[in-house]
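Down below is the structure, laid out as structure tokens.
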Amino acid sequence: MSDRPVRVRIAPSPTGDPHVGTAYVGLINLAFARRHEGSFVLRIEDTDQERSTRASEQAIFDALRWVGLSWDEGPDVGGPFGPYRQSERTEIYREHVRHLLDSGAAYPCFCDGPTLEGIRKRQRELKRNKGYDGTCRAIPPDEARARMAAGEPHVIRLRVPDGTTTVHDELRGDVVIDHDQIDDQVLLKTDGFPTYHLANVVDDHLMEITHVIRAEEWINSTPKHILLYAAFGWEPPKWVHLPLLRNHDKSKISKRKNPVSLLYYKQIGILPEAMLNFLALLGHSMPDEREVFELDEFVREFSFQRISLGGPVFDVEKLLWLNGVRIRAMDPRVLADRIREAMVPGDWLQQVVPLFQERMRALGEFMPQAAFFRQPGLDVPASELIGAIKGGGDPKILSKWLTEAGERLDALRDFEPAPIEEALRAWCEQADVPTGTLFMLLRLSLTGRKATPPLFETMTVLGRAACSQRLRTAAATLKAAPAPKPAPAG
RNA sequence: GGUCCAUUAGUCUAAUCGGUUAGGACACAGGCCUCUCAAGCCUGGAGAACGGGUUCGAGUCCCGUAUGGACCA
């Protein structure tokens, strides 16, 4: 079968935000294509005129490129099998339907809404699975042609014979599906636009797609597609149905229960490499159980045999872990650049970012932690400063500590971590104050936070002037604070 | 309701042809390190849905049941 070059495709609908599932299926398609030196095609399925938008289409392009997937052919890059937008191919579909009509593989159906409803109801009562009973099959061809010519509203249906179809899925083997599960499928709607099934099959054939790699949700409609290939006299592609990504409750991933937009993950500061890496971990494993790897490594090891079929839960925790691993592995300057591009401008990042590199799992976690660097008038409430002492402390005394320690710092020649630490430890020893206590008091005074990067490095980056000022502010705040209530006797 | 697919710890998964104390990772717990938080390191708890069968031997093959999911209605 196929000495033909491998050609695969993804065919997203441009409705709404770009979906992680699209990236997932895209990744598998891309990996398979690259692995076999084939082509990866992007086709836009915008036959739903109501819901499709150009903005959404552009967002899909952008998001897929962002995540690192690129296609060899598509609406924006062109290619020898275009056009790659279904809305630009309607004449092709109509023409193909004419062939099916001529050969008798398809027939016009003139049933209107109420009629169909009646049929559906009767079918239900008869406990039939099909919603349509094939009523219009009985119309003689001449009459049908005349009614169509007269402009009577109709759809075109596929004549589905009795029997079964065996779908050979590359991952699951043979799947037998009885035709009593399949309606005489509508191919062309009343408005003359194709349905998914028709457009999909025609396009896949004309674009010479060799392997249809798509989500499992399509497996039950594959017989319709196989029947269509047969009706056209075409050789069908190979079928590969991928497991569906799941919510935590195992239902098909959905935006009600899980963020599914690639834009969301970009926005919170997931690295595209991490997203791709994470998706590659869902349902596919590396032979050596490696979990952190690049796209080219994945491509090298990719194999259908390494795909597992249970629907994997999209676990954001693991994605964040993976993202953190990759953030830590980055060159600090590159990390600063990426934060600058993605979130906040400023040269100050170069100095500050390294302090937080091992403390963020996503780029978006940077600013909330580092904001204190950018607050000129930082004034921490006394109540919080006092929290540095377990069980509270006398603010007057704490104020004095800050003043004295601050003087030591002011006297330093080099405002570098080592001398700062040395000076502060010396003061603690002399004043008989536990270092941990003083350090926490300083940390709160300088940053307003209890969890920060190492104190002395933080001070150096913050700078002598800012430190001095913040310590004086905190000392003053404490000095003005009321004395603690005397502890109840007992 | 019908059909199809799936089923290793809370989650992602590994284990050439059936022979392993069922391995790794995330998360969780404890500890080490330590100026806090992280990171790192060490340790720990936690698993084959159930029942039959085939076999000397089954997570691995077969059947049934259950559960989950998808699709169609």
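All residue names refer to the structure tokens as shown: chains lettered A, B, ... in order, residues numbered from 1 in each chain, ligands numbered from 1 in order.
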Quick check: residues of chain A within 6 Å of chain B, only C-alpha atoms (C1' of nucleotides), returned as JSON, numbers by chain. {"A": [217, 220, 310, 318, 358, 359, 436, 439, 450, 451, 452]}
Within 9 Å of B:A58, counting only C-alpha atoms (C1' of nucleotides), which residues show up once you throw out same-chain ones fewer than 3 positions away? Write them as a PDB file with N, CA, C and O atoms (P, O5', C5', C4', C3', O3' and C1' of nucleotides), in the first residue's frame, please.
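Generated output (out_38.pdb):
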ATOM      1  P     G B  18       4.068 -14.130  25.076  1.00  0.00           P
ATOM      2  O5'   G B  18       4.206 -12.972  26.168  1.00  0.00           O
ATOM      3  C5'   G B  18       5.182 -13.019  27.153  1.00  0.00           C
ATOM      4  C4'   G B  18       4.516 -13.361  28.486  1.00  0.00           C
ATOM      5  C3'   G B  18       5.524 -13.931  29.465  1.00  0.00           C
ATOM      6  O3'   G B  18       5.674 -12.961  30.485  1.00  0.00           O
ATOM      7  C1'   G B  18       3.489 -15.201  29.388  1.00  0.00           C
ATOM      8  P     U B  55      -4.563 -26.238  29.981  1.00  0.00           P
ATOM      9  O5'   U B  55      -3.154 -25.560  30.300  1.00  0.00           O
ATOM     10  C5'   U B  55      -2.233 -25.286  29.250  1.00  0.00           C
ATOM     11  C4'   U B  55      -1.097 -24.468  29.783  1.00  0.00           C
ATOM     12  C3'   U B  55      -0.449 -25.001  31.056  1.00  0.00           C
ATOM     13  O3'   U B  55       0.468 -26.052  30.775  1.00  0.00           O
ATOM     14  C1'   U B  55      -0.805 -22.672  31.255  1.00  0.00           C
ATOM     15  P     C B  61      -2.621  -9.345  26.660  1.00  0.00           P
ATOM     16  O5'   C B  61      -2.995 -10.849  26.273  1.00  0.00           O
ATOM     17  C5'   C B  61      -2.494 -11.437  25.080  1.00  0.00           C
ATOM     18  C4'   C B  61      -3.166 -12.764  24.869  1.00  0.00           C
ATOM     19  C3'   C B  61      -4.663 -12.770  25.124  1.00  0.00           C
ATOM     20  O3'   C B  61      -5.384 -12.316  23.997  1.00  0.00           O
ATOM     21  C1'   C B  61      -3.685 -14.610  26.230  1.00  0.00           C
TER      22        C B  61
END
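Proximity to stretch 474-482 of chain A at 7 Å, evaluated using only C-alpha atoms (C1' of nucleotides) and with sequence-adjacent residues fewer than 3 positions away removed, yields Asp379, Val380, Ala382, Pro395, Lys396, Ser399, Leu402, Thr403, Ser445, Arg470 and Leu471 of chain A.
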What is the atom CA of A:His197-atom CA of A:Lys250 distance in Å, reported with one decimal?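 Answer for the atom CA of A:His197 to atom CA of A:Lys250 separation: 27.4 Å.
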Enter the distance from atom CA of A:Phe61 to atom CA of A:Leu171, in Å, rounded to one decimal.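 The value is 28.9 Å.
Here atom CA of A:Pro108 stands at a distance of 19.1 Å from atom CA of A:Asp162.
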Write out as number ranges by chain all residues of stretch 182-427 of chain A that backbone DSSP assigns to helix (DSSP H, G or I). A: 196-206, 216-232, 262-267, 272-281, 295-301, 304-306, 316-328, 332-342, 349-359, 363-374, 382-386, 395-410, 417-427
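Using only C-alpha atoms (C1' of nucleotides), the residues found no farther than 6 Å from stretch 176-182 of chain A, other than those of its own chain fewer than 6 positions away, are Asn129, Asp162, Gly163, Thr164, Thr165 and Thr166 of chain A.
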Take the selection from the previous step and output its residues with all heavy atoms, as an mmCIF file, in the first residue's frame.
data_model
loop_
_atom_site.group_PDB
_atom_site.id
_atom_site.type_symbol
_atom_site.label_atom_id
_atom_site.label_comp_id
_atom_site.auth_asym_id
_atom_site.auth_seq_id
_atom_site.Cartn_x
_atom_site.Cartn_y
_atom_site.Cartn_z
ATOM 1 N N ASN A 129 -32.155 2.016 15.766
ATOM 2 C CA ASN A 129 -31.074 2.927 16.128
ATOM 3 C C ASN A 129 -30.988 4.129 15.206
ATOM 4 O O ASN A 129 -30.574 5.200 15.609
ATOM 5 C CB ASN A 129 -29.742 2.184 16.102
ATOM 6 C CG ASN A 129 -29.679 1.135 17.191
ATOM 7 O OD1 ASN A 129 -30.094 1.385 18.309
ATOM 8 N ND2 ASN A 129 -29.206 -0.045 16.850
ATOM 9 N N ASP A 162 -27.217 -2.428 4.106
ATOM 10 C CA ASP A 162 -27.164 -3.262 5.309
ATOM 11 C C ASP A 162 -25.807 -3.936 5.370
ATOM 12 O O ASP A 162 -25.137 -4.088 4.359
ATOM 13 C CB ASP A 162 -28.253 -4.347 5.251
ATOM 14 C CG ASP A 162 -29.634 -3.724 5.439
ATOM 15 O OD1 ASP A 162 -29.699 -2.590 5.972
ATOM 16 O OD2 ASP A 162 -30.628 -4.357 5.037
ATOM 17 N N GLY A 163 -25.454 -4.369 6.559
ATOM 18 C CA GLY A 163 -24.182 -5.082 6.689
ATOM 19 C C GLY A 163 -23.305 -4.472 7.760
ATOM 20 O O GLY A 163 -23.808 -3.788 8.653
ATOM 21 N N THR A 164 -22.033 -4.736 7.653
ATOM 22 C CA THR A 164 -21.095 -4.193 8.632
ATOM 23 C C THR A 164 -19.879 -3.654 7.903
ATOM 24 O O THR A 164 -19.623 -4.013 6.753
ATOM 25 C CB THR A 164 -20.596 -5.276 9.609
ATOM 26 O OG1 THR A 164 -19.878 -6.269 8.877
ATOM 27 C CG2 THR A 164 -21.741 -5.931 10.368
ATOM 28 N N THR A 165 -19.163 -2.793 8.595
ATOM 29 C CA THR A 165 -17.887 -2.325 8.075
ATOM 30 C C THR A 165 -16.823 -2.611 9.119
ATOM 31 O O THR A 165 -17.047 -2.397 10.311
ATOM 32 C CB THR A 165 -17.918 -0.810 7.787
ATOM 33 O OG1 THR A 165 -18.759 -0.577 6.659
ATOM 34 C CG2 THR A 165 -16.526 -0.280 7.474
ATOM 35 N N THR A 166 -15.706 -3.113 8.663
ATOM 36 C CA THR A 166 -14.581 -3.329 9.569
ATOM 37 C C THR A 166 -13.581 -2.203 9.403
ATOM 38 O O THR A 166 -13.072 -1.977 8.313
ATOM 39 C CB THR A 166 -13.897 -4.668 9.260
ATOM 40 O OG1 THR A 166 -14.854 -5.717 9.441
ATOM 41 C CG2 THR A 166 -12.727 -4.888 10.199
#
